[in-house]
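K.L.:
Below you'll find query17.txt; it's compact mmCIF, C-alpha atoms and all ligand atoms.
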# COMPACT_ATOMS: atom_id res chain seq x y z
CA MET J 1 50.49 -42.79 -90.97
CA ARG J 2 47.58 -40.96 -92.54
CA LYS J 3 47.28 -43.56 -95.25
CA ASN J 4 46.72 -46.30 -92.74
CA ALA J 5 44.37 -44.32 -90.55
CA PHE J 6 41.30 -45.86 -92.05
CA GLY J 7 42.14 -49.31 -93.21
CA PRO J 8 43.01 -50.40 -96.71
CA GLY J 9 42.44 -49.09 -100.19
CA ARG J 10 41.59 -45.46 -100.94
CA ALA J 11 40.15 -46.60 -104.27
CA LEU J 12 37.71 -48.93 -102.54
CA ASP J 13 36.60 -46.09 -100.26
CA ILE J 14 36.10 -43.71 -103.18
CA ALA J 15 34.09 -46.39 -105.00
CA LEU J 16 32.00 -47.00 -101.88
CA ILE J 17 31.27 -43.29 -101.38
CA GLY J 18 30.51 -42.86 -105.08
CA ALA J 19 28.18 -45.86 -105.07
CA ALA J 20 26.34 -44.61 -102.00
CA LEU J 21 25.88 -41.16 -103.54
CA ALA J 22 24.73 -42.74 -106.80
CA VAL J 23 22.17 -45.00 -105.09
CA ILE J 24 20.74 -42.17 -102.97
CA THR J 25 20.53 -39.87 -106.01
CA TYR J 26 18.86 -42.61 -108.03
CA LEU J 27 16.27 -43.05 -105.26
CA HIS J 28 15.55 -39.27 -105.39
CA TYR J 29 14.87 -39.40 -109.11
CA ALA J 30 12.95 -42.69 -108.97
CA THR J 31 10.66 -41.59 -106.16
CA PRO J 32 7.70 -39.39 -107.10
CA PRO J 33 8.38 -35.82 -106.00
CA GLU J 34 5.29 -35.64 -103.83
CA GLN J 35 6.60 -38.36 -101.51
CA LEU J 36 8.16 -35.66 -99.34
CA ALA J 37 8.96 -37.85 -96.38
CA TYR J 38 11.03 -40.20 -98.60
CA HIS J 39 12.94 -37.32 -100.12
CA ALA J 40 13.72 -35.94 -96.67
CA LEU J 41 15.01 -39.40 -95.72
CA TYR J 42 17.20 -39.58 -98.84
CA ARG J 43 18.60 -36.12 -98.17
CA ALA J 44 19.49 -37.29 -94.66
CA ALA J 45 21.05 -40.41 -96.18
CA TYR J 46 23.53 -38.19 -98.11
CA TYR J 47 25.13 -37.41 -94.72
CA LEU J 48 26.46 -40.92 -94.41
CA PRO J 49 28.80 -41.00 -97.47
CA VAL J 50 29.65 -37.30 -96.97
CA ILE J 51 30.73 -37.71 -93.36
CA TYR J 52 32.50 -40.92 -94.19
CA ALA J 53 34.43 -39.09 -96.96
CA GLY J 54 35.37 -36.37 -94.47
CA LEU J 55 36.60 -38.95 -91.97
CA ARG J 56 38.40 -40.94 -94.59
CA PHE J 57 40.00 -38.18 -96.69
CA GLY J 58 40.05 -35.23 -94.33
CA LEU J 59 39.13 -31.78 -95.51
CA ALA J 60 39.50 -32.78 -99.18
CA GLY J 61 36.93 -35.56 -98.79
CA GLY J 62 34.70 -33.40 -96.61
CA VAL J 63 34.58 -30.68 -99.26
CA VAL J 64 34.44 -32.72 -102.45
CA ALA J 65 31.85 -35.34 -101.38
CA PRO J 66 29.05 -32.88 -100.41
CA ILE J 67 29.72 -30.83 -103.58
CA VAL J 68 29.32 -33.98 -105.67
CA ALA J 69 26.18 -34.84 -103.71
CA SER J 70 24.86 -31.29 -104.23
CA LEU J 71 25.57 -31.43 -107.97
CA LEU J 72 23.79 -34.77 -108.27
CA TYR J 73 20.84 -33.53 -106.24
CA ALA J 74 20.66 -30.05 -107.82
CA PRO J 75 18.90 -31.07 -111.08
CA TRP J 76 16.19 -32.67 -109.03
CA VAL J 77 15.73 -29.46 -107.06
CA VAL J 78 15.81 -27.43 -110.28
CA LEU J 79 13.16 -29.72 -111.83
CA PHE J 80 10.83 -28.84 -109.00
CA ILE J 81 11.69 -25.17 -108.68
CA GLY J 82 8.63 -23.00 -108.41
CA ARG J 83 6.78 -25.78 -106.65
CA PRO J 84 7.15 -24.69 -103.07
CA GLU J 85 4.90 -27.45 -101.88
CA HIS J 86 7.83 -29.73 -102.68
CA GLY J 87 10.01 -27.93 -100.23
CA VAL J 88 12.70 -26.25 -102.41
CA LEU J 89 13.82 -24.12 -99.51
CA PRO J 90 14.32 -26.93 -97.00
CA ALA J 91 16.17 -28.78 -99.75
CA ALA J 92 18.53 -25.85 -100.36
CA VAL J 93 19.12 -25.40 -96.63
CA ASP J 94 19.77 -29.10 -96.36
CA VAL J 95 22.36 -28.86 -99.14
CA LEU J 96 24.12 -26.10 -97.22
CA ILE J 97 24.07 -28.03 -93.97
CA LEU J 98 25.29 -31.14 -95.79
CA ASN J 99 28.28 -29.19 -97.11
CA GLY J 100 28.90 -27.74 -93.69
CA ALA J 101 28.74 -31.21 -92.12
CA GLY J 102 31.23 -32.55 -94.68
CA TRP J 103 33.63 -29.70 -94.01
CA MET J 104 33.33 -30.12 -90.28
CA ALA J 105 33.91 -33.88 -90.41
CA GLY J 106 36.95 -33.32 -92.64
CA LEU J 107 38.28 -30.50 -90.50
CA LEU J 108 37.87 -32.38 -87.24
CA GLN J 109 39.50 -35.40 -88.77
CA GLU J 110 42.47 -33.28 -89.95
CA VAL J 111 42.83 -31.83 -86.46
CA GLY J 112 42.75 -35.37 -85.08
CA TRP J 113 45.37 -36.48 -87.53
CA ARG J 114 47.58 -33.53 -86.73
CA ARG J 115 47.25 -34.24 -83.01
CA ARG J 116 48.13 -37.83 -83.61
CA ARG J 117 51.14 -36.89 -85.72
CA GLU J 118 52.27 -34.48 -83.02
CA ALA J 119 51.77 -37.08 -80.34
CA LEU J 120 53.80 -39.61 -82.29
CA LEU J 121 56.47 -37.00 -82.94
CA TYR J 122 56.51 -36.11 -79.28
CA ALA J 123 56.78 -39.77 -78.31
CA GLU J 124 59.64 -40.16 -80.75
CA GLU J 125 61.39 -37.11 -79.29
CA GLN J 126 60.86 -38.46 -75.79
CA ARG J 127 62.29 -41.81 -76.82
CA GLU J 128 65.34 -40.13 -78.36
CA ALA J 129 65.81 -37.95 -75.30
CA ARG J 130 65.56 -40.99 -73.07
CA GLU J 131 68.08 -42.86 -75.18
CA GLU J 132 70.42 -39.90 -75.09
CA LEU J 133 70.03 -39.74 -71.32
CA GLU J 134 70.78 -43.44 -71.04
CA ARG J 135 73.81 -43.02 -73.28
CA ARG J 136 75.05 -40.19 -71.09
CA ALA J 137 74.43 -42.18 -67.93
CA GLY J 138 76.41 -45.03 -69.49
CA ARG J 139 79.25 -42.68 -70.34
CA ILE J 140 79.30 -41.28 -66.82
CA GLU J 141 79.38 -44.79 -65.41
CA GLU J 142 82.23 -45.64 -67.75
CA MET J 143 84.09 -42.53 -66.69
CA ASN J 144 83.53 -43.46 -63.06
CA ARG J 145 84.96 -46.89 -63.62
CA GLU J 146 87.93 -45.39 -65.47
CA LEU J 147 88.46 -42.95 -62.61
CA GLU J 148 88.36 -45.75 -60.07
CA ARG J 149 90.83 -47.77 -62.15
CA ARG J 150 93.15 -44.77 -62.44
CA LEU J 151 92.93 -44.12 -58.70
CA SER J 152 93.84 -47.67 -57.84
CA GLU J 153 96.62 -47.54 -60.44
CA LYS J 154 97.88 -44.37 -58.83
CA LYS J 155 97.79 -45.98 -55.41
CA GLU J 156 99.66 -49.00 -56.68
CA LEU J 157 102.21 -46.83 -58.43
CA GLU J 158 102.75 -44.79 -55.28
CA GLU J 159 103.19 -48.00 -53.31
CA GLN J 160 105.77 -49.23 -55.83
CA VAL J 161 107.67 -45.93 -55.65
CA ARG J 162 107.46 -45.87 -51.86
CA ARG J 163 108.86 -49.40 -51.71
CA ALA J 164 111.64 -48.52 -54.14
CA ASP J 165 112.58 -45.45 -52.06
CA LYS J 166 112.53 -47.43 -48.85
CA LEU J 167 114.64 -50.18 -50.37
CA ALA J 168 117.16 -47.68 -51.68
CA ALA J 169 117.46 -45.92 -48.31
CA LEU J 170 117.67 -49.15 -46.36
CA GLY J 171 120.10 -50.53 -48.90
CA GLN J 172 122.45 -47.59 -48.38
CA LEU J 173 122.36 -48.05 -44.64
CA VAL J 174 122.90 -51.80 -44.84
CA ALA J 175 125.71 -51.44 -47.33
CA GLY J 176 127.37 -48.79 -45.17
CA VAL J 177 127.20 -50.92 -42.02
CA ALA J 178 128.29 -54.03 -43.90
CA HIS J 179 131.23 -52.15 -45.31
CA GLU J 180 132.23 -50.94 -41.85
CA ILE J 181 132.16 -54.49 -40.51
CA LYS J 182 134.02 -55.87 -43.50
CA ASN J 183 137.26 -54.00 -42.73
CA PRO J 184 137.80 -55.20 -39.11
CA LEU J 185 136.58 -58.62 -40.24
CA SER J 186 139.32 -58.87 -42.81
CA VAL J 187 141.80 -57.88 -40.09
CA VAL J 188 140.47 -60.73 -37.92
CA ARG J 189 140.65 -63.10 -40.91
CA THR J 190 144.27 -62.13 -41.68
CA THR J 191 145.24 -62.43 -38.01
CA VAL J 192 143.77 -65.90 -37.87
CA GLN J 193 145.75 -66.87 -40.96
CA VAL J 194 148.93 -65.60 -39.23
CA MET J 195 148.04 -67.59 -36.11
CA GLU J 196 147.51 -70.69 -38.20
CA ARG J 197 151.00 -70.33 -39.58
CA GLU J 198 152.56 -69.41 -36.17
CA PHE J 199 150.94 -72.28 -34.32
CA ALA J 200 151.11 -74.80 -37.09
CA GLY J 201 151.29 -78.22 -35.52
CA ASP J 202 149.28 -77.29 -32.41
CA GLU J 203 146.09 -79.31 -32.86
CA HIS J 204 144.22 -77.33 -30.22
CA VAL J 205 144.87 -73.92 -31.76
CA ALA J 206 144.18 -75.24 -35.28
CA GLU J 207 140.74 -76.33 -34.08
CA PHE J 208 139.95 -72.76 -32.83
CA THR J 209 141.43 -70.96 -35.82
CA ARG J 210 139.43 -73.13 -38.23
CA VAL J 211 136.19 -72.20 -36.49
CA ILE J 212 137.10 -68.49 -36.49
CA ARG J 213 138.15 -68.61 -40.17
CA ASP J 214 134.97 -70.43 -41.25
CA GLU J 215 132.73 -68.05 -39.34
CA CYS J 216 134.61 -65.05 -40.75
CA ASP J 217 134.03 -66.42 -44.25
CA ARG J 218 130.35 -67.00 -43.57
CA VAL J 219 129.83 -63.49 -42.20
CA ASN J 220 131.88 -62.08 -45.05
CA ALA J 221 129.66 -63.84 -47.60
CA ARG J 222 126.57 -62.36 -45.94
CA LEU J 223 128.14 -58.91 -45.86
CA THR J 224 128.94 -59.19 -49.55
CA GLN J 225 125.26 -60.07 -50.10
CA PHE J 226 124.19 -57.04 -48.06
CA ILE J 227 126.48 -54.74 -49.98
CA GLY J 228 125.18 -56.25 -53.21
CA PHE J 229 121.66 -55.41 -52.09
CA GLY J 230 122.58 -51.94 -50.91
CA ARG J 231 124.64 -50.97 -53.91
CA PRO J 232 123.35 -53.03 -56.78
CA SER J 233 125.51 -52.89 -59.85
CA GLU J 234 124.15 -50.86 -62.74
CA PRO J 235 122.44 -53.19 -65.18
CA ALA J 236 124.48 -53.86 -68.31
CA PHE J 237 121.67 -53.51 -70.82
CA ALA J 238 121.56 -55.70 -73.90
CA ASP J 239 118.73 -57.09 -75.99
CA VAL J 240 117.53 -60.16 -74.16
CA ASP J 241 115.31 -62.86 -75.63
CA PRO J 242 112.75 -63.66 -72.89
CA HIS J 243 112.43 -67.21 -74.17
CA GLU J 244 116.18 -67.85 -73.88
CA THR J 245 116.40 -66.26 -70.42
CA ILE J 246 113.64 -68.50 -69.08
CA GLU J 247 115.16 -71.62 -70.66
CA ALA J 248 118.62 -70.72 -69.29
CA THR J 249 117.19 -70.13 -65.79
CA LEU J 250 115.40 -73.49 -65.82
CA ALA J 251 118.55 -75.18 -67.11
CA MET J 252 120.52 -73.66 -64.21
CA LEU J 253 118.10 -75.25 -61.77
CA GLY J 254 118.83 -78.68 -63.24
CA ARG J 255 117.41 -81.42 -61.02
CA PHE J 256 116.45 -79.00 -58.27
CA LEU J 257 112.79 -78.90 -59.30
CA PRO J 258 112.14 -82.65 -59.78
CA GLU J 259 113.95 -83.33 -56.50
CA HIS J 260 111.40 -81.12 -54.76
CA ARG J 261 108.56 -82.87 -56.62
CA VAL J 262 107.75 -79.67 -58.46
CA THR J 263 106.43 -79.97 -62.01
CA VAL J 264 107.02 -77.08 -64.37
CA GLU J 265 104.59 -75.57 -66.81
CA VAL J 266 106.22 -73.20 -69.29
CA GLU J 267 103.95 -70.71 -71.03
CA ILE J 268 105.84 -68.36 -73.29
CA GLU J 269 103.98 -66.31 -75.86
CA GLU J 270 105.17 -66.61 -79.46
CA ASP J 271 107.21 -63.87 -81.14
CA LEU J 272 108.03 -61.86 -78.03
CA PRO J 273 110.17 -58.83 -78.74
CA PRO J 274 113.66 -58.66 -77.21
CA VAL J 275 113.78 -56.80 -73.90
CA PRO J 276 116.58 -54.38 -73.02
CA ALA J 277 117.87 -55.90 -69.79
CA ASP J 278 120.85 -57.23 -67.89
CA ASP J 279 120.52 -60.92 -68.61
CA SER J 280 122.28 -62.16 -65.48
CA GLN J 281 120.32 -59.79 -63.23
CA LEU J 282 117.07 -60.83 -64.86
CA ARG J 283 117.96 -64.46 -64.30
CA GLN J 284 118.72 -63.65 -60.67
CA VAL J 285 115.23 -62.18 -60.30
CA LEU J 286 113.57 -65.23 -61.85
CA LEU J 287 115.75 -67.54 -59.77
CA ASN J 288 114.77 -65.79 -56.52
CA LEU J 289 111.11 -66.05 -57.44
CA ILE J 290 111.38 -69.71 -58.48
CA ILE J 291 113.27 -70.68 -55.34
CA ASN J 292 110.66 -68.92 -53.21
CA ALA J 293 107.94 -70.78 -55.10
CA VAL J 294 109.63 -74.13 -54.55
CA GLU J 295 110.15 -73.32 -50.87
CA ALA J 296 106.46 -72.50 -50.62
CA MET J 297 105.60 -76.02 -51.84
CA PRO J 298 107.48 -78.36 -49.47
CA ASN J 299 105.28 -81.26 -50.51
CA GLY J 300 105.63 -80.54 -54.19
CA GLY J 301 103.28 -78.78 -56.54
CA GLU J 302 103.12 -77.00 -59.84
CA LEU J 303 105.30 -74.12 -60.91
CA THR J 304 104.23 -72.01 -63.85
CA ILE J 305 106.81 -69.86 -65.51
CA GLY J 306 106.00 -67.77 -68.50
CA ALA J 307 106.28 -64.56 -70.41
CA ARG J 308 103.84 -62.56 -72.45
CA ARG J 309 103.38 -59.25 -74.12
CA ASN J 310 101.56 -56.62 -72.12
CA ARG J 311 100.44 -53.21 -73.27
CA ASP J 312 99.22 -51.99 -69.92
CA VAL J 313 100.87 -53.17 -66.79
CA GLY J 314 98.56 -53.11 -63.79
CA VAL J 315 99.96 -49.96 -62.34
CA ARG J 316 100.77 -47.95 -65.39
CA ARG J 317 99.82 -47.56 -69.01
CA SER J 318 102.75 -47.78 -71.32
CA HIS J 319 103.62 -44.31 -72.52
CA ASP J 320 104.55 -45.65 -75.94
CA ASP J 321 103.22 -48.43 -78.13
CA ALA J 322 105.97 -50.86 -77.27
CA GLY J 323 104.51 -51.82 -73.90
CA TYR J 324 106.00 -54.42 -71.59
CA VAL J 325 107.03 -58.04 -71.49
CA THR J 326 105.68 -59.61 -68.35
CA PHE J 327 107.41 -62.58 -66.77
CA VAL J 328 105.19 -64.72 -64.60
CA VAL J 329 106.21 -67.09 -61.82
CA ALA J 330 103.29 -68.84 -60.15
CA ASP J 331 103.10 -71.62 -57.60
CA THR J 332 100.38 -73.74 -56.05
CA GLY J 333 101.59 -73.13 -52.52
CA PRO J 334 99.53 -71.96 -49.55
CA GLY J 335 99.76 -68.29 -50.51
CA ILE J 336 100.85 -65.29 -48.49
CA PRO J 337 98.48 -63.99 -45.79
CA GLU J 338 97.07 -60.58 -46.71
CA PRO J 339 98.71 -58.64 -43.82
CA ASP J 340 102.14 -60.03 -44.78
CA LEU J 341 101.86 -59.04 -48.43
CA ALA J 342 102.89 -55.48 -47.64
CA ARG J 343 106.12 -56.68 -46.03
CA ILE J 344 107.48 -59.36 -48.34
CA PHE J 345 109.62 -56.89 -50.29
CA ASP J 346 111.14 -55.48 -47.11
CA PRO J 347 114.77 -56.45 -46.70
CA PHE J 348 115.33 -59.04 -43.95
CA TYR J 349 111.65 -59.90 -43.83
CA THR J 350 111.58 -63.65 -43.81
CA THR J 351 109.41 -66.43 -42.44
CA LYS J 352 112.10 -69.05 -43.05
CA PRO J 353 114.50 -70.21 -40.33
CA THR J 354 117.53 -69.85 -42.60
CA GLY J 355 116.29 -67.13 -44.94
CA THR J 356 117.97 -63.73 -45.22
CA GLY J 357 114.79 -62.05 -46.41
CA LEU J 358 116.77 -60.41 -49.16
CA GLY J 359 115.53 -62.41 -52.15
CA LEU J 360 112.49 -60.27 -52.99
CA ALA J 361 114.16 -57.03 -51.90
CA VAL J 362 117.00 -57.66 -54.34
CA ALA J 363 114.54 -58.67 -57.07
CA HIS J 364 112.62 -55.44 -56.48
CA ARG J 365 115.75 -53.33 -56.72
CA ILE J 366 116.84 -55.00 -59.94
CA VAL J 367 113.40 -54.53 -61.49
CA ASP J 368 113.43 -50.86 -60.37
CA ALA J 369 116.79 -50.35 -62.07
CA HIS J 370 115.24 -51.73 -65.27
CA GLY J 371 112.34 -49.26 -65.13
CA GLY J 372 109.95 -52.16 -64.59
CA PHE J 373 107.37 -53.31 -62.11
CA ILE J 374 107.05 -56.26 -59.81
CA GLU J 375 103.59 -57.28 -58.64
CA VAL J 376 102.29 -60.05 -56.45
CA GLU J 377 98.92 -61.71 -56.24
CA SER J 378 98.28 -64.35 -53.64
CA GLY J 379 95.44 -66.51 -52.45
CA PRO J 380 94.76 -69.97 -51.07
CA GLN J 381 95.33 -71.39 -54.57
CA GLY J 382 98.88 -70.09 -54.69
CA THR J 383 101.02 -67.08 -55.37
CA THR J 384 101.78 -65.32 -58.64
CA PHE J 385 104.62 -62.87 -59.14
CA ARG J 386 104.68 -60.72 -62.26
CA VAL J 387 107.74 -58.87 -63.41
CA SER J 388 107.11 -56.42 -66.22
CA LEU J 389 109.98 -54.86 -68.10
CA PRO J 390 109.52 -52.10 -70.68
CA VAL J 391 110.26 -53.20 -74.24
CA ALA J 392 111.61 -49.80 -75.22
CA ARG J 393 114.02 -47.79 -73.11
N1 LIG J 401 105.93 -67.88 -53.51
C1 LIG J 401 105.75 -67.60 -52.23
N2 LIG J 401 104.80 -68.24 -51.50
C2 LIG J 401 104.63 -67.95 -50.20
N3 LIG J 401 105.35 -67.03 -49.53
C3 LIG J 401 106.31 -66.39 -50.19
C4 LIG J 401 106.56 -66.62 -51.57
N4 LIG J 401 107.57 -65.80 -51.95
C5 LIG J 401 107.93 -65.10 -50.86
N5 LIG J 401 107.19 -65.46 -49.80
C6 LIG J 401 107.29 -64.88 -48.44
O1 LIG J 401 108.07 -63.71 -48.50
C7 LIG J 401 109.16 -63.78 -47.62
C8 LIG J 401 110.32 -63.01 -48.17
O2 LIG J 401 110.86 -63.64 -49.31
P1 LIG J 401 112.36 -63.38 -49.70
O3 LIG J 401 112.66 -64.13 -50.93
O4 LIG J 401 112.58 -61.92 -49.73
O5 LIG J 401 113.16 -63.93 -48.51
P2 LIG J 401 113.32 -65.45 -48.09
O6 LIG J 401 112.94 -66.33 -49.21
O7 LIG J 401 112.64 -65.64 -46.80
O8 LIG J 401 114.86 -65.52 -47.86
P3 LIG J 401 116.00 -65.66 -48.99
O9 LIG J 401 115.34 -65.33 -50.29
O10 LIG J 401 117.00 -64.70 -48.62
O11 LIG J 401 116.40 -67.07 -48.91
C9 LIG J 401 109.40 -65.26 -47.47
O12 LIG J 401 110.03 -65.56 -46.23
C10 LIG J 401 107.98 -65.82 -47.51
O13 LIG J 401 107.34 -65.69 -46.26
MG MG J 402 113.68 -66.02 -51.15
Please, can you express the file's structure as structure tokens?
P.N.:
Amino acid sequence: MRKNAFGPGRALDIALIGAALAVITYLHYATPPEQLAYHALYRAAYYLPVIYAGLRFGLAGGVVAPIVASLLYAPWVVLFIGRPEHGVLPAAVDVLILNGAGWMAGLLQEVGWRRRREALLYAEEQREAREELERRAGRIEEMNRELERRLSEKKELEEQVRRADKLAALGQLVAGVAHEIKNPLSVVRTTVQVMEREFAGDEHVAEFTRVIRDECDRVNARLTQFIGFGRPSEPAFADVDPHETIEATLAMLGRFLPEHRVTVEVEIEEDLPPVPADDSQLRQVLLNLIINAVEAMPNGGELTIGARRNRDVGVRRSHDDAGYVTFVVADTGPGIPEPDLARIFDPFYTTKPTGTGLGLAVAHRIVDAHGGFIEVESGPQGTTFRVSLPVAR
């Protein structure tokens, strides 16, 4: 920074100072000694290169330049020593003052330079401190965001657990009640069968017994469903290829989708790892979701079914590197109103005239038993269900 303080070329400056000193000295020697006024002027002229040297080269310049000037001027003084009328004394004093002026110029310049260096250093420190502060602010902001994310994850996880607990408790109750009804129902069913045999040939009785038998069967089927929900069978885990499960589920649906004017988009990520799962239960989950999606699009629409690898599932970070495989079932239906979203997994919650409201509750229970998560996202563009199953058990 010091080098550039005074423009280019030190050599040029030295040459300039040297030339000035030389010219002034030459004028001293060329001018007759009695021309006192001229000599005084020349002595004053020495100040210019000397002060310039001090400004340009600091203390070094301020010391060296007046010494050089003094040495050049000294012989002239010596030549006229003993001739007081030529002002030897003022000349000597002048030489001293000239040296002093050079030193002062150099010294002041050095102080200026030091100040400037310090100011630049200070500015640099300030800049670094500011940057550090900004970095810290950024980190705090990042930590805040992370905290918020964790909090919402925690809330979601708690919600999932709460739902699972509620489903399990309700399931027990439902299964218990269903079981209690099943026994007398089978007595009724057997009695009707006996009546059918006893009154065989009586058209009238046959009409009644058929109705009773059919209704018994219908109720029995429902009760079996309830018990299935309440006491789901333990999953029989095996390595399941997500691709095959999705294909098999779609194959099971056959013409069901085209008949409902639903087009299917399949998006399965390449090279998905096998998932430890009960294949038939997993298919049941997908089937429930697909049927719901189709029912949500009575005038047809688009169904997206897919699977992809997921390291972090919305609610929870995978505790190992294996992560999750997430199955996605999305429709272009009208969506689920926000206040209803909290209830769709409740057993018997249905908005359909012939629905049991068990589809999602059963799906939830199956996913729970697999150590997975089921999530829903819904808006006017449609509804997306995501089922994430851990890759490692
Ligand atoms: N894809 C969807 N789009 C819009 N609403 C949905 C969707 N999936 C579920 N729902 C809502 O959630 C409710 C509960 O679904 P669930 O599958 O548990 O029962 P259901 O379909 O009504 O009856 P079931 O499955 O026993 O036939 C549905 O009645 C519907 O209101
Ligand atoms: Mg359903």
K.L.:
Which residues sit within 6 Å of ligand MG 402 (chain J), counting all atoms listed in the file, listed as an MDAnalysis selection string?
P.N.:
chainID J and resid 288 292 359
K.L.:
Enumerate residues in contact with ligand LIG 401 (chain J): an atom-to-atom distance of at most 6 Å, counting all atoms listed in the file. Format the result as an NGL selection string.
P.N.:
:J and (292-293 or 296 or 333 or 335-336 or 344-345 or 349-352 or 355-361 or 383)
K.L.:
Between J:Pro75, J:Gly300, J:Gly112, J:Pro242, which one has atoms that come closest to Thr263 in chain J, using all atoms listed in the file?
P.N.:
J:Gly300
K.L.:
Using all atoms listed in the file, which residue out of J:Met195, J:Ala307, J:Ala277, J:Val387 lies closest to Glu247 in chain J?
P.N.:
J:Ala307
K.L.:
So which one's closest to Lys166 in chain J, J:Leu282, J:Leu120, J:His364, J:Thr224? Using only C-alpha atoms, please.
P.N.:
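Smallest distance to Lys166 in chain J is found for J:His364.
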K.L.:
Considering only C-alpha atoms, can you say which of J:Gly323, J:Tyr38, J:Thr332, J:Pro274 comes closest to Asn299 in chain J?
P.N.:
J:Thr332
K.L.:
Dump as a Markdown table the rows for residues of range 46-137 of chain J within 7 Å of range 15-33 of chain J: closest atom pair and distance in Å with one decimal, all atoms listed in the file counted, ordered by chain and rising residue number.
P.N.:
| residue | atom | partner | partner_atom | distance |
| --- | --- | --- | --- | --- |
| J:Tyr46 | CA | J:Leu21 | CA | 6.6 |
| J:Pro49 | CA | J:Ile17 | CA | 5.2 |
| J:Ala53 | CA | J:Ile17 | CA | 6.9 |
| J:Ala69 | CA | J:Leu21 | CA | 6.3 |
| J:Leu72 | CA | J:Thr25 | CA | 6.5 |
| J:Tyr73 | CA | J:Thr25 | CA | 6.4 |
| J:Trp76 | CA | J:Tyr29 | CA | 6.9 |
| J:His86 | CA | J:Pro33 | CA | 7.0 |
K.L.:
Output C-alpha atoms for every residue in that selection, as a compact mmCIF listing (two decimals), in the coordinates of the input.
P.N.:
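To be explicit, this is the file written out as result-v4.txt:
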# COMPACT_ATOMS: atom_id res chain seq x y z
CA TYR J 46 23.53 -38.19 -98.11
CA PRO J 49 28.80 -41.00 -97.47
CA ALA J 53 34.43 -39.09 -96.96
CA ALA J 69 26.18 -34.84 -103.71
CA LEU J 72 23.79 -34.77 -108.27
CA TYR J 73 20.84 -33.53 -106.24
CA TRP J 76 16.19 -32.67 -109.03
CA HIS J 86 7.83 -29.73 -102.68
K.L.:
When distances are computed from only C-alpha atoms, which of J:Ser378, J:Ser186, J:Gln281, J:Gln126 shows the smallest separation from Ser233 in chain J?
P.N.:
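Selected residue with least distance to Ser233 in chain J: J:Gln281.
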K.L.:
I'd like to know which of J:Ala363, J:Leu341, J:Leu71, J:Ala322 is closest to Leu287 in chain J, using only C-alpha atoms.
P.N.:
J:Ala363
K.L.:
Please indicate the distance in Å from CA of Arg127 in chain J to CA of Gln109 in chain J, rounded to one decimal place.
P.N.:
26.5 Å
K.L.:
In Å to one decimal, how far is CA of Glu267 in chain J from CA of Ile246 in chain J?
P.N.:
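Interatomic distance, CA of Ile246 in chain J to CA of Glu267 in chain J: 10.1 Å.
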K.L.:
In Å, with one decimal, what is the gap from CA of Pro390 in chain J to CA of Gly372 in chain J?
P.N.:
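About the pair CA of Pro390 in chain J and CA of Gly372 in chain J: they are 6.1 Å apart.
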K.L.:
At a cut-off of 9 Å, using all atoms listed in the file, what residues contact range 167-175 of chain J? Leave out same-chain residues fewer than 3 positions from it and give the result as an mmCIF file with C-alpha atoms, in the coordinates of the input.
P.N.:
data_model
loop_
_atom_site.group_PDB
_atom_site.id
_atom_site.type_symbol
_atom_site.label_atom_id
_atom_site.label_comp_id
_atom_site.auth_asym_id
_atom_site.auth_seq_id
_atom_site.Cartn_x
_atom_site.Cartn_y
_atom_site.Cartn_z
ATOM 1 C CA ARG J 162 107.460 -45.870 -51.860
ATOM 2 C CA ARG J 163 108.860 -49.400 -51.710
ATOM 3 C CA ALA J 164 111.640 -48.520 -54.140
ATOM 4 C CA ALA J 178 128.290 -54.030 -43.900
ATOM 5 C CA HIS J 179 131.230 -52.150 -45.310
ATOM 6 C CA GLU J 180 132.230 -50.940 -41.850
ATOM 7 C CA LEU J 223 128.140 -58.910 -45.860
ATOM 8 C CA THR J 224 128.940 -59.190 -49.550
ATOM 9 C CA PHE J 226 124.190 -57.040 -48.060
ATOM 10 C CA ILE J 227 126.480 -54.740 -49.980
ATOM 11 C CA GLY J 228 125.180 -56.250 -53.210
ATOM 12 C CA PHE J 229 121.660 -55.410 -52.090
ATOM 13 C CA GLY J 230 122.580 -51.940 -50.910
ATOM 14 C CA ARG J 231 124.640 -50.970 -53.910
ATOM 15 C CA PRO J 232 123.350 -53.030 -56.780
ATOM 16 C CA PHE J 345 109.620 -56.890 -50.290
ATOM 17 C CA ASP J 346 111.140 -55.480 -47.110
ATOM 18 C CA PRO J 347 114.770 -56.450 -46.700
ATOM 19 C CA ALA J 361 114.160 -57.030 -51.900
ATOM 20 C CA VAL J 362 117.000 -57.660 -54.340
ATOM 21 C CA HIS J 364 112.620 -55.440 -56.480
ATOM 22 C CA ARG J 365 115.750 -53.330 -56.720
#
K.L.:
Draw an axis-aligned box tight on the listed atoms of range 253-257 of chain J, then pad every side by 3 Å and write out centre and edge lengths in Å to one decimal as AutoDock Vina command-line options.
P.N.:
--center_x 115.8 --center_y -78.3 --center_z -60.8 --size_x 12.0 --size_y 12.2 --size_z 11.0
K.L.:
Write out as a count of residues only each polymer residue whose atoms come within 9 Å of Phe237 in chain J, counting only C-alpha atoms; drop sequence neighbours fewer than 5 positions from it.
P.N.:
5
K.L.:
Which residues come within 12 Å of Pro273 in chain J, counting all atoms listed in the file, excluding same-chain residues fewer than 2 positions away, as a PyMOL selection string?
P.N.:
chain J and resi 239-244+268-271+275-276+307-310+322-326+389-392
